[in-house]
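Have a look at query-v3.cif below; it lists mmCIF, C-alpha atoms and all ligand atoms.
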```cif
data_entry
loop_
_atom_site.group_PDB
_atom_site.id
_atom_site.type_symbol
_atom_site.label_atom_id
_atom_site.label_comp_id
_atom_site.auth_asym_id
_atom_site.auth_seq_id
_atom_site.Cartn_x
_atom_site.Cartn_y
_atom_site.Cartn_z
ATOM 1 C CA MET A 55 76.132 186.097 163.616
ATOM 2 C CA LYS A 56 79.882 186.312 164.056
ATOM 3 C CA PRO A 57 81.460 189.087 161.946
ATOM 4 C CA CYS A 58 83.247 186.643 159.567
ATOM 5 C CA LEU A 59 82.313 183.348 157.922
ATOM 6 C CA ILE A 60 85.401 181.128 157.766
ATOM 7 C CA ASN A 61 84.183 177.784 159.114
ATOM 8 C CA THR A 62 80.720 176.265 159.344
ATOM 9 C CA SER A 63 81.373 175.983 163.094
ATOM 10 C CA ASP A 64 81.062 179.801 163.136
ATOM 11 C CA LEU A 65 77.315 179.194 162.730
ATOM 12 C CA ASN A 66 74.752 177.745 165.105
ATOM 13 C CA LYS A 67 71.207 176.620 164.316
ATOM 14 C CA ASP A 68 69.770 180.098 164.968
ATOM 15 C CA ASP A 69 72.301 181.687 162.588
ATOM 16 C CA LEU A 70 71.416 179.185 159.866
ATOM 17 C CA GLU A 71 67.691 179.781 160.340
ATOM 18 C CA LEU A 72 68.259 183.527 160.207
ATOM 19 C CA ILE A 73 70.131 183.133 156.914
ATOM 20 C CA PHE A 74 67.322 180.945 155.491
ATOM 21 C CA ALA A 75 64.637 183.450 156.490
ATOM 22 C CA LYS A 76 66.575 186.281 154.853
ATOM 23 C CA ALA A 77 67.273 184.188 151.720
ATOM 24 C CA LYS A 78 63.557 183.382 151.479
ATOM 25 C CA TYR A 79 62.760 187.076 151.787
ATOM 26 C CA PHE A 80 65.162 187.931 148.960
ATOM 27 C CA LYS A 81 63.853 185.090 146.809
ATOM 28 C CA GLU A 82 60.253 186.210 147.227
ATOM 29 C CA ASN A 83 60.886 189.925 146.831
ATOM 30 C CA TYR A 84 63.635 190.198 144.234
ATOM 31 C CA LYS A 85 62.400 191.750 140.998
ATOM 32 C CA TYR A 86 64.633 191.493 137.970
ATOM 33 C CA GLY A 87 66.376 194.768 137.262
ATOM 34 C CA GLU A 88 65.794 196.167 140.763
ATOM 35 C CA LYS A 89 68.330 196.356 143.584
ATOM 36 C CA PHE A 90 68.320 196.256 147.361
ATOM 37 C CA ASN A 91 70.429 198.772 149.264
ATOM 38 C CA ASP A 92 71.890 196.472 151.934
ATOM 39 C CA LEU A 93 75.464 196.921 150.647
ATOM 40 C CA LYS A 94 75.175 200.469 149.329
ATOM 41 C CA ASN A 95 78.472 202.364 149.827
ATOM 42 C CA ILE A 96 80.213 199.129 150.815
ATOM 43 C CA THR A 97 83.159 197.890 148.763
ATOM 44 C CA VAL A 98 83.538 194.133 148.382
ATOM 45 C CA ALA A 99 86.722 192.479 147.069
ATOM 46 C CA ILE A 100 86.075 189.181 145.310
ATOM 47 C CA ALA A 101 89.504 187.542 145.613
ATOM 48 C CA PHE A 102 89.519 184.189 143.827
ATOM 49 C CA PHE A 103 92.921 182.505 143.667
ATOM 50 C CA GLU A 104 91.457 179.331 142.094
ATOM 51 C CA PRO A 105 89.161 178.722 139.092
ATOM 52 C CA SER A 106 85.432 178.924 139.780
ATOM 53 C CA THR A 107 82.234 179.452 137.794
ATOM 54 C CA ARG A 108 79.212 179.080 140.066
ATOM 55 C CA THR A 109 80.566 180.390 143.350
ATOM 56 C CA LYS A 110 82.289 183.409 141.832
ATOM 57 C CA LEU A 111 79.393 184.467 139.581
ATOM 58 C CA SER A 112 76.938 183.858 142.378
ATOM 59 C CA PHE A 113 78.801 186.071 144.878
ATOM 60 C CA ASP A 114 79.285 188.699 142.177
ATOM 61 C CA LEU A 115 75.579 188.761 141.351
ATOM 62 C CA ALA A 116 74.574 188.683 145.026
ATOM 63 C CA ALA A 117 76.786 191.688 145.820
ATOM 64 C CA LYS A 118 75.486 193.574 142.731
ATOM 65 C CA ARG A 119 71.845 192.927 143.677
ATOM 66 C CA LEU A 120 72.615 194.495 147.074
ATOM 67 C CA SER A 121 74.183 197.605 145.427
ATOM 68 C CA ALA A 122 77.796 196.933 146.520
ATOM 69 C CA ASP A 123 80.850 198.358 144.795
ATOM 70 C CA ILE A 124 82.862 195.350 143.643
ATOM 71 C CA LEU A 125 86.575 194.793 143.067
ATOM 72 C CA HIS A 126 87.681 191.608 141.353
ATOM 73 C CA PHE A 127 91.064 190.300 142.330
ATOM 74 C CA ALA A 128 92.884 187.224 141.000
ATOM 75 C CA SER A 129 96.548 186.296 141.430
ATOM 76 C CA ALA A 130 97.112 186.001 137.657
ATOM 77 C CA GLY A 131 97.610 189.530 136.331
ATOM 78 C CA SER A 132 98.381 190.946 139.813
ATOM 79 C CA SER A 133 101.636 191.797 141.611
ATOM 80 C CA ILE A 134 101.537 188.363 143.262
ATOM 81 C CA THR A 135 103.092 187.140 139.988
ATOM 82 C CA LYS A 136 105.962 189.618 140.711
ATOM 83 C CA GLY A 137 106.546 188.058 144.118
ATOM 84 C CA GLU A 138 104.383 190.258 146.328
ATOM 85 C CA SER A 139 103.207 188.288 149.356
ATOM 86 C CA LEU A 140 99.556 187.636 150.073
ATOM 87 C CA VAL A 141 99.796 189.689 153.254
ATOM 88 C CA ASP A 142 101.219 192.729 151.415
ATOM 89 C CA THR A 143 98.535 192.350 148.781
ATOM 90 C CA ILE A 144 95.820 192.354 151.439
ATOM 91 C CA ARG A 145 97.379 195.403 153.098
ATOM 92 C CA THR A 146 97.243 197.179 149.735
ATOM 93 C CA ILE A 147 93.599 196.294 149.162
ATOM 94 C CA ASP A 148 92.784 197.328 152.770
ATOM 95 C CA ASP A 149 94.276 200.754 152.028
ATOM 96 C CA MET A 150 91.717 201.167 149.232
ATOM 97 C CA ASN A 151 89.037 200.982 151.904
ATOM 98 C CA VAL A 152 87.540 197.622 151.094
ATOM 99 C CA GLN A 153 85.096 196.456 153.784
ATOM 100 C CA MET A 154 84.555 192.814 152.796
ATOM 101 C CA TYR A 155 86.702 190.067 151.321
ATOM 102 C CA ILE A 156 85.256 186.994 149.618
ATOM 103 C CA VAL A 157 88.127 184.529 149.306
ATOM 104 C CA ARG A 158 88.600 181.297 147.311
ATOM 105 C CA SER A 159 91.941 179.512 147.484
ATOM 106 C CA ALA A 160 93.413 176.141 146.558
ATOM 107 C CA PHE A 161 95.140 176.182 149.949
ATOM 108 C CA SER A 162 93.363 175.321 153.180
ATOM 109 C CA GLY A 163 93.590 178.133 155.723
ATOM 110 C CA VAL A 164 94.053 181.136 153.410
ATOM 111 C CA PRO A 165 90.774 182.875 154.439
ATOM 112 C CA GLN A 166 91.808 182.424 158.091
ATOM 113 C CA ILE A 167 95.239 183.982 157.377
ATOM 114 C CA ILE A 168 93.529 186.947 155.719
ATOM 115 C CA LYS A 169 91.164 187.263 158.672
ATOM 116 C CA ASN A 170 94.180 187.371 161.009
ATOM 117 C CA LYS A 171 95.739 190.181 158.970
ATOM 118 C CA THR A 172 92.790 192.491 158.513
ATOM 119 C CA ASP A 173 89.948 193.873 160.602
ATOM 120 C CA ARG A 174 87.558 193.677 157.617
ATOM 121 C CA ILE A 175 84.818 191.073 157.086
ATOM 122 C CA VAL A 176 86.163 187.866 155.500
ATOM 123 C CA ILE A 177 84.006 185.193 153.859
ATOM 124 C CA ASN A 178 85.432 181.804 152.925
ATOM 125 C CA ALA A 179 84.304 180.878 149.388
ATOM 126 C CA GLY A 180 86.148 177.529 149.509
ATOM 127 C CA ASP A 181 89.674 176.816 150.790
ATOM 128 C CA GLY A 182 91.592 173.725 149.661
ATOM 129 C CA LYS A 183 90.174 170.544 151.118
ATOM 130 C CA HIS A 184 89.018 172.382 154.226
ATOM 131 C CA GLU A 185 85.640 174.138 154.074
ATOM 132 C CA HIS A 186 83.077 175.677 151.716
ATOM 133 C CA PRO A 187 80.493 177.101 154.139
ATOM 134 C CA THR A 188 78.285 178.973 151.657
ATOM 135 C CA GLN A 189 77.881 175.845 149.501
ATOM 136 C CA ALA A 190 76.613 173.859 152.495
ATOM 137 C CA ILE A 191 74.255 176.696 153.448
ATOM 138 C CA LEU A 192 72.744 176.858 149.963
ATOM 139 C CA ASP A 193 72.470 173.056 149.907
ATOM 140 C CA ALA A 194 70.609 173.039 153.226
ATOM 141 C CA PHE A 195 68.334 175.887 152.091
ATOM 142 C CA THR A 196 67.514 174.023 148.867
ATOM 143 C CA LEU A 197 66.799 170.778 150.677
ATOM 144 C CA SER A 198 64.633 172.492 153.286
ATOM 145 C CA GLU A 199 62.598 174.054 150.459
ATOM 146 C CA TYR A 200 62.087 170.605 148.939
ATOM 147 C CA TYR A 201 61.154 168.746 152.152
ATOM 148 C CA GLY A 202 59.929 171.674 154.274
ATOM 149 C CA LYS A 203 62.507 170.720 156.943
ATOM 150 C CA ILE A 204 66.004 169.332 157.504
ATOM 151 C CA ALA A 205 65.603 167.828 160.993
ATOM 152 C CA GLY A 206 65.228 164.064 160.846
ATOM 153 C CA LEU A 207 66.162 163.711 157.152
ATOM 154 C CA ASN A 208 68.582 160.948 156.145
ATOM 155 C CA ILE A 209 71.337 162.454 154.023
ATOM 156 C CA CYS A 210 74.043 160.408 152.339
ATOM 157 C CA ILE A 211 77.165 162.077 150.921
ATOM 158 C CA VAL A 212 78.516 160.137 147.962
ATOM 159 C CA GLY A 213 81.966 159.785 146.404
ATOM 160 C CA ASP A 214 85.169 161.736 146.777
ATOM 161 C CA ILE A 215 84.882 162.630 150.462
ATOM 162 C CA ILE A 216 88.597 162.897 151.227
ATOM 163 C CA HIS A 217 89.242 165.791 148.828
ATOM 164 C CA SER A 218 85.967 167.556 149.465
ATOM 165 C CA ARG A 219 85.508 170.811 151.338
ATOM 166 C CA VAL A 220 81.818 170.575 150.364
ATOM 167 C CA ALA A 221 81.492 167.292 152.300
ATOM 168 C CA ARG A 222 83.180 168.720 155.395
ATOM 169 C CA SER A 223 80.948 171.800 155.470
ATOM 170 C CA ASN A 224 77.780 169.840 154.704
ATOM 171 C CA ILE A 225 78.408 167.324 157.477
ATOM 172 C CA PHE A 226 78.533 170.152 159.994
ATOM 173 C CA VAL A 227 75.601 172.197 158.646
ATOM 174 C CA MET A 228 73.237 169.254 158.119
ATOM 175 C CA GLN A 229 73.981 167.820 161.575
ATOM 176 C CA THR A 230 73.547 171.237 163.200
ATOM 177 C CA LEU A 231 70.081 171.320 161.625
ATOM 178 C CA GLY A 232 69.238 167.866 162.983
ATOM 179 C CA ALA A 233 69.751 165.622 159.928
ATOM 180 C CA ASN A 234 71.224 162.100 160.053
ATOM 181 C CA VAL A 235 74.319 161.974 157.860
ATOM 182 C CA LYS A 236 76.094 158.925 156.439
ATOM 183 C CA LEU A 237 78.761 158.465 153.763
ATOM 184 C CA VAL A 238 79.256 156.105 150.830
ATOM 185 C CA ALA A 239 82.645 155.968 149.089
ATOM 186 C CA PRO A 240 85.500 153.640 148.219
ATOM 187 C CA GLY A 241 87.857 153.236 151.196
ATOM 188 C CA THR A 242 90.609 155.212 149.451
ATOM 189 C CA LEU A 243 88.299 158.234 149.088
ATOM 190 C CA LEU A 244 87.459 158.367 152.785
ATOM 191 C CA PRO A 245 89.622 160.262 155.295
ATOM 192 C CA ARG A 246 92.634 158.161 156.257
ATOM 193 C CA HIS A 247 91.875 158.156 159.950
ATOM 194 C CA ILE A 248 88.365 156.815 159.816
ATOM 195 C CA ASN A 249 86.510 158.696 160.692
ATOM 196 C CA PRO A 250 86.860 162.107 162.228
ATOM 197 C CA TRP A 251 83.094 162.676 162.340
ATOM 198 C CA ASN A 252 82.110 159.223 163.608
ATOM 199 C CA LEU A 253 79.727 158.805 160.711
ATOM 200 C CA GLU A 254 78.457 155.466 159.542
ATOM 201 C CA ILE A 255 79.789 154.317 156.167
ATOM 202 C CA ILE A 256 77.219 152.685 153.868
ATOM 203 C CA ASP A 257 78.520 149.778 151.777
ATOM 204 C CA SER A 258 76.888 150.320 148.402
ATOM 205 C CA ILE A 259 74.985 152.841 146.302
ATOM 206 C CA ASP A 260 71.904 150.583 146.420
ATOM 207 C CA ASP A 261 71.932 150.619 150.230
ATOM 208 C CA ALA A 262 72.538 154.386 150.216
ATOM 209 C CA ILE A 263 69.521 155.024 147.960
ATOM 210 C CA ASN A 264 67.442 152.719 150.097
ATOM 211 C CA TRP A 265 68.339 154.589 153.306
ATOM 212 C CA ALA A 266 68.509 158.195 152.161
ATOM 213 C CA ASP A 267 65.977 160.976 151.677
ATOM 214 C CA ALA A 268 68.686 162.957 149.908
ATOM 215 C CA LEU A 269 71.996 162.261 148.197
ATOM 216 C CA ILE A 270 74.758 164.855 148.010
ATOM 217 C CA VAL A 271 76.916 163.608 145.158
ATOM 218 C CA LEU A 272 80.457 164.973 144.919
ATOM 219 C CA ARG A 273 82.670 165.581 141.918
ATOM 220 C CA LEU A 274 85.544 163.168 141.542
ATOM 221 C CA GLN A 275 88.318 165.727 142.119
ATOM 222 C CA ARG A 276 90.869 164.487 139.622
ATOM 223 C CA GLU A 277 93.074 167.577 140.071
ATOM 224 C CA ARG A 278 93.561 166.624 143.746
ATOM 225 C CA MET A 279 93.920 162.911 143.139
ATOM 226 C CA GLU A 280 97.242 161.340 144.131
ATOM 227 C CA SER A 281 98.162 158.539 141.720
ATOM 228 C CA GLY A 282 97.109 155.043 142.703
ATOM 229 C CA ILE A 283 94.157 156.138 144.816
ATOM 230 C CA LEU A 284 91.664 154.485 142.428
ATOM 231 C CA PRO A 285 92.229 151.498 140.107
ATOM 232 C CA SER A 286 90.542 153.503 137.316
ATOM 233 C CA ILE A 287 87.831 156.092 136.752
ATOM 234 C CA ALA A 288 85.769 153.393 135.001
ATOM 235 C CA GLU A 289 86.013 151.190 138.084
ATOM 236 C CA PHE A 290 84.787 154.043 140.289
ATOM 237 C CA ALA A 291 81.892 154.730 137.895
ATOM 238 C CA LYS A 292 80.946 151.056 137.827
ATOM 239 C CA PHE A 293 80.442 150.868 141.594
ATOM 240 C CA TYR A 294 79.691 154.427 142.702
ATOM 241 C CA GLN A 295 77.915 156.212 139.834
ATOM 242 C CA ILE A 296 74.298 157.161 140.524
ATOM 243 C CA THR A 297 72.748 155.542 137.483
ATOM 244 C CA PHE A 298 69.312 156.382 136.143
ATOM 245 C CA GLU A 299 68.067 152.838 136.786
ATOM 246 C CA LYS A 300 69.144 152.924 140.449
ATOM 247 C CA PHE A 301 67.885 156.447 141.035
ATOM 248 C CA ILE A 302 64.340 155.917 139.707
ATOM 249 C CA GLN A 303 63.805 152.973 142.047
ATOM 250 C CA LYS A 304 62.868 155.433 144.772
ATOM 251 C CA ASP A 305 60.310 158.234 144.397
ATOM 252 C CA LYS A 306 61.000 161.676 145.798
ATOM 253 C CA ILE A 307 64.617 161.033 146.890
ATOM 254 C CA ALA A 308 66.411 164.349 146.348
ATOM 255 C CA LEU A 309 69.711 164.573 144.525
ATOM 256 C CA MET A 310 72.128 167.454 144.899
ATOM 257 C CA HIS A 311 75.592 168.130 143.473
ATOM 258 C CA PRO A 312 77.641 171.311 143.996
ATOM 259 C CA GLY A 313 78.889 171.257 140.383
ATOM 260 C CA PRO A 314 80.781 171.101 138.179
ATOM 261 C CA VAL A 315 79.421 167.618 137.401
ATOM 262 C CA ASN A 316 81.424 164.916 135.624
ATOM 263 C CA TYR A 317 78.450 163.317 133.867
ATOM 264 C CA GLY A 318 79.144 159.662 133.103
ATOM 265 C CA ILE A 319 81.437 159.359 136.145
ATOM 266 C CA GLU A 320 79.607 160.252 139.360
ATOM 267 C CA LEU A 321 76.197 160.875 137.771
ATOM 268 C CA ASP A 322 74.103 159.664 134.848
ATOM 269 C CA TYR A 323 73.152 162.607 132.600
ATOM 270 C CA ARG A 324 69.519 161.465 132.343
ATOM 271 C CA ILE A 325 69.033 162.223 136.038
ATOM 272 C CA SER A 326 69.728 165.930 135.491
ATOM 273 C CA SER A 327 66.264 166.591 134.021
ATOM 274 C CA MET A 328 64.290 164.803 136.728
ATOM 275 C CA PRO A 329 62.163 166.957 139.082
ATOM 276 C CA ASN A 330 63.860 165.533 142.200
ATOM 277 C CA CYS A 331 67.303 166.468 140.853
ATOM 278 C CA LEU A 332 67.879 169.810 142.610
ATOM 279 C CA ILE A 333 71.100 170.921 140.871
ATOM 280 C CA ASP A 334 69.478 173.851 139.006
ATOM 281 C CA LYS A 335 67.689 174.959 142.170
ATOM 282 C CA GLN A 336 71.005 174.894 144.062
ATOM 283 C CA VAL A 337 72.437 177.364 141.544
ATOM 284 C CA THR A 338 69.407 179.673 141.740
ATOM 285 C CA ASN A 339 69.320 179.528 145.542
ATOM 286 C CA GLY A 340 73.081 180.112 145.706
ATOM 287 C CA VAL A 341 72.526 183.750 144.748
ATOM 288 C CA PHE A 342 69.745 184.326 147.321
ATOM 289 C CA THR A 343 71.559 182.586 150.183
ATOM 290 C CA ARG A 344 74.736 184.568 149.424
ATOM 291 C CA MET A 345 72.693 187.795 149.339
ATOM 292 C CA ALA A 346 71.392 186.836 152.792
ATOM 293 C CA ILE A 347 74.887 186.111 154.133
ATOM 294 C CA LEU A 348 76.339 189.349 152.728
ATOM 295 C CA SER A 349 73.442 191.394 154.061
ATOM 296 C CA LEU A 350 73.583 189.860 157.568
ATOM 297 C CA LEU A 351 77.370 190.224 157.783
ATOM 298 C CA ALA A 352 77.171 193.837 156.593
ATOM 299 C CA GLN A 353 75.057 194.601 159.679
ATOM 300 C CA ASN A 354 78.317 194.157 161.627
ATOM 301 C CA LEU A 355 79.660 197.228 159.817
ATOM 302 C CA GLY A 356 77.204 199.345 161.778
HETATM 303 C C1 LIG B 401 82.888 172.889 144.525
HETATM 304 C C2 LIG B 401 84.163 173.562 144.912
HETATM 305 O O1 LIG B 401 84.803 174.249 144.120
HETATM 306 O O2 LIG B 401 84.500 173.373 146.062
HETATM 307 N N1 LIG B 401 82.116 173.523 143.581
HETATM 308 C C3 LIG B 401 81.495 174.698 143.865
HETATM 309 O O3 LIG B 401 81.975 175.524 144.592
HETATM 310 N N2 LIG B 401 80.285 174.883 143.305
HETATM 311 C C4 LIG B 401 83.041 171.449 144.319
HETATM 312 C C5 LIG B 401 84.002 170.973 143.286
HETATM 313 O O4 LIG B 401 84.836 171.693 142.776
HETATM 314 O O5 LIG B 401 83.946 169.776 143.042
#
```
For this file, write the structure as structure tokens.
Ligand code: NCD
Amino acid sequence: MKPCLINTSDLNKDDLELIFAKAKYFKENYKYGEKFNDLKNITVAIAFFEPSTRTKLSFDLAAKRLSADILHFASAGSSITKGESLVDTIRTIDDMNVQMYIVRSAFSGVPQIIKNKTDRIVINAGDGKHEHPTQAILDAFTLSEYYGKIAGLNICIVGDIIHSRVARSNIFVMQTLGANVKLVAPGTLLPRHINPWNLEIIDSIDDAINWADALIVLRLQRERMESGILPSIAEFAKFYQITFEKFIQKDKIALMHPGPVNYGIELDYRISSMPNCLIDKQVTNGVFTRMAILSLLAQNLG
């Protein structure tokens, strides 16, 4: 594996399979209250410049279960609010002998900038509308557990594609593993220049459910929504919500969502308790896949 994880294109099929094997090992061997030593004497800075629940807690727990020393850094409450630049901030943290940065930012490219400014390991935990590699890895791990494979599966990504770093990363990871990927979304929620990935667009949710083995449903990202992009949220829900009635028409079809979910908009709440809804498993597997990624990257520290 390359020494940093900024883009999903940093990973090939062998890297992904290595991560899955390691995640499986951690999942099978982790005992509550016990720790692995993979990150012993390694200091990890968790630098989240944007709100997060799952990703932040999951990285925090993963690093703790590997015995890392952990620094939490957020712009609020730091000298960034006094005008210190990001680069000076990173230089300061570097001087404290941090070996790994886990970075979340509302701006695309920030993890790459940090990588350019430091010789430490940098992991992208989600940057703007660009990429969220570890989410796609945990999604692929979860789906491969459910189906026993990824190659040959039909995967449809649903909803707010244009604002979604999760979609971008999943398209790359799922295709690298041999899946067929298609999209379903209103035209205004697809990338303007259709379509950078050459993916087929499915016309309706019914057709998507009919075709797919798995749906990756995205949150409607209202905080990134320019005005006028949708007639109304209700209109979106009417045509693009995965309703209970539509979902139960097909046995076994897997449903994933990175969270947080807007129930009643992109997803019917009743689906959340169905056995083929994998949202809870995604959260559980998020910790084990991130343990695997941290452990494998730490091997680059020698
Ligand atoms: C996603 C994110 O923040 O990119 N969530 C996550 O990391 N679990 C998706 C989202 O915010 O909609």
As a quick test: using all atoms listed in the file, which residues lie no more than 6 Å away from ligand LIG 401 (chain B)? Give them as a VMD selection string.
chain A and resid 108 to 109 180 219 to 220 273 312 to 314
Here is a test: counting all atoms listed in the file, which residue of A:Asn95, A:Ser63, A:Ile319, A:Pro57 is nearest to Thr230 in chain A?
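Between A:Asn95, A:Ser63, A:Ile319, A:Pro57, the residue approaching Thr230 in chain A most closely is A:Ser63.
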Here CA of Lys169 in chain A and CA of Tyr155 in chain A stand apart by 9.0 Å
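The nearest approach to Thr343 in chain A among the residues A:Asp114, A:Asp193, A:Asp92, A:Asp142, with all atoms listed in the file taken into account, belongs to A:Asp193.
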Practice problem: Compile the contact shell of Ala194 in chain A as a PyMOL selection string: residues with an atom at most 9 Å away, counting all atoms listed in the file, same-chain residues fewer than 2 positions apart removed. | Solution: chain A and resi 74+189-192+196-199+204+224+227-228+231
What does the file look like for those residues with C-alpha atoms, as a PDB file, in the frame of the given file?
```
ATOM      1  CA  PHE A  74      67.322 180.945 155.491  1.00  0.00           C
ATOM      2  CA  GLN A 189      77.881 175.845 149.501  1.00  0.00           C
ATOM      3  CA  ALA A 190      76.613 173.859 152.495  1.00  0.00           C
ATOM      4  CA  ILE A 191      74.255 176.696 153.448  1.00  0.00           C
ATOM      5  CA  LEU A 192      72.744 176.858 149.963  1.00  0.00           C
ATOM      6  CA  THR A 196      67.514 174.023 148.867  1.00  0.00           C
ATOM      7  CA  LEU A 197      66.799 170.778 150.677  1.00  0.00           C
ATOM      8  CA  SER A 198      64.633 172.492 153.286  1.00  0.00           C
ATOM      9  CA  GLU A 199      62.598 174.054 150.459  1.00  0.00           C
ATOM     10  CA  ILE A 204      66.004 169.332 157.504  1.00  0.00           C
ATOM     11  CA  ASN A 224      77.780 169.840 154.704  1.00  0.00           C
ATOM     12  CA  VAL A 227      75.601 172.197 158.646  1.00  0.00           C
ATOM     13  CA  MET A 228      73.237 169.254 158.119  1.00  0.00           C
ATOM     14  CA  LEU A 231      70.081 171.320 161.625  1.00  0.00           C
TER      15      LEU A 231
END
```
Could you give me, as number ranges by chain, the residues within 7 Å of Gln275 in chain A, counting all atoms listed in the file and dropping anything in the same chain fewer than 3 positions from it?
-> A: 214, 217, 278-279
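Shortest separation to His311 in chain A among A:Asp69, A:Glu138, A:Asp334, A:Glu277 occurs at residue A:Asp334, atoms counted being all atoms listed in the file.
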Might I get the box with edges along x, y and z of the file that holds all atoms of range 83-102 of chain A listed there, padded by 8 Å on every side, given as centre and edge lengths in Å to one decimal, as JSON?
```
{"center_x": 75.2, "center_y": 193.3, "center_z": 144.6, "size_x": 44.6, "size_y": 34.2, "size_z": 30.7}
```
_Report, in Å with one decimal, the straight-line distance from CA of Lys118 in chain A to CA of Ile73 in chain A._
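Atom-to-atom, CA of Lys118 in chain A to CA of Ile73 in chain A, that is 18.4 Å.
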* Which residues, written as an NGL selection string, have at least one atom at most 12 Å from Leu274 in chain A, with all atoms listed in the file counted and residues fewer than 5 positions away on the same chain left out? -> :A and (212-218 or 239-240 or 243 or 279 or 283-284 or 286-288 or 290-291 or 294-295 or 311-321)
Output check: residues returned by the PyMOL selection byres (((chain A and resi 248-252) around 10) and not hetatm), as JSON, numbers by chain = {"A": [222, 225, 226, 235, 236, 241, 244, 245, 246, 247, 253, 254, 255]}
Okay, now the selection with C-alpha atoms, as a PDB file, keeping the file's coordinate frame?
```
ATOM      1  CA  ARG A 222      83.180 168.720 155.395  1.00  0.00           C
ATOM      2  CA  ILE A 225      78.408 167.324 157.477  1.00  0.00           C
ATOM      3  CA  PHE A 226      78.533 170.152 159.994  1.00  0.00           C
ATOM      4  CA  VAL A 235      74.319 161.974 157.860  1.00  0.00           C
ATOM      5  CA  LYS A 236      76.094 158.925 156.439  1.00  0.00           C
ATOM      6  CA  GLY A 241      87.857 153.236 151.196  1.00  0.00           C
ATOM      7  CA  LEU A 244      87.459 158.367 152.785  1.00  0.00           C
ATOM      8  CA  PRO A 245      89.622 160.262 155.295  1.00  0.00           C
ATOM      9  CA  ARG A 246      92.634 158.161 156.257  1.00  0.00           C
ATOM     10  CA  HIS A 247      91.875 158.156 159.950  1.00  0.00           C
ATOM     11  CA  LEU A 253      79.727 158.805 160.711  1.00  0.00           C
ATOM     12  CA  GLU A 254      78.457 155.466 159.542  1.00  0.00           C
ATOM     13  CA  ILE A 255      79.789 154.317 156.167  1.00  0.00           C
TER      14      ILE A 255
END
```
- Which of A:Ile100, A:Ala128, A:Leu115, A:Leu93 sits closest to Phe342 in chain A [using all atoms listed in the file]: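 With all atoms listed in the file as the atom set, the closest residue is A:Leu115.
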Query - Contact residues around Leu309 in chain A with all atoms listed in the file at 10 Å, ignoring same-chain residues under 4 positions, as a VMD selection string - result: chain A and resid 197 209 to 210 267 to 271 296 301 325 to 326 328 to 333
* Any chance you could work out the residue set of the PyMOL selection byres (((chain A and resi 65) around 10) and not hetatm) here, as a PyMOL selection string? -> chain A and resi 55-56+59-64+66-71+187+226-227+230
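CA of Lys300 in chain A sits 22.3 Å away from CA of Gln336 in chain A.
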Given all atoms listed in the file as the basis, pick out the residue of A:Ala352, A:Ala346, A:Val341, A:Ile124 nearest to Leu72 in chain A.
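Among A:Ala352, A:Ala346, A:Val341, A:Ile124, it is A:Ala346 that comes nearest to Leu72 in chain A.
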Review point. Closest to Gln353 in chain A among A:Phe161, A:Tyr79, A:Ile175, A:Lys136, using only C-alpha atoms?
Key: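 Among the listed residues, A:Ile175 lies closest to Gln353 in chain A.
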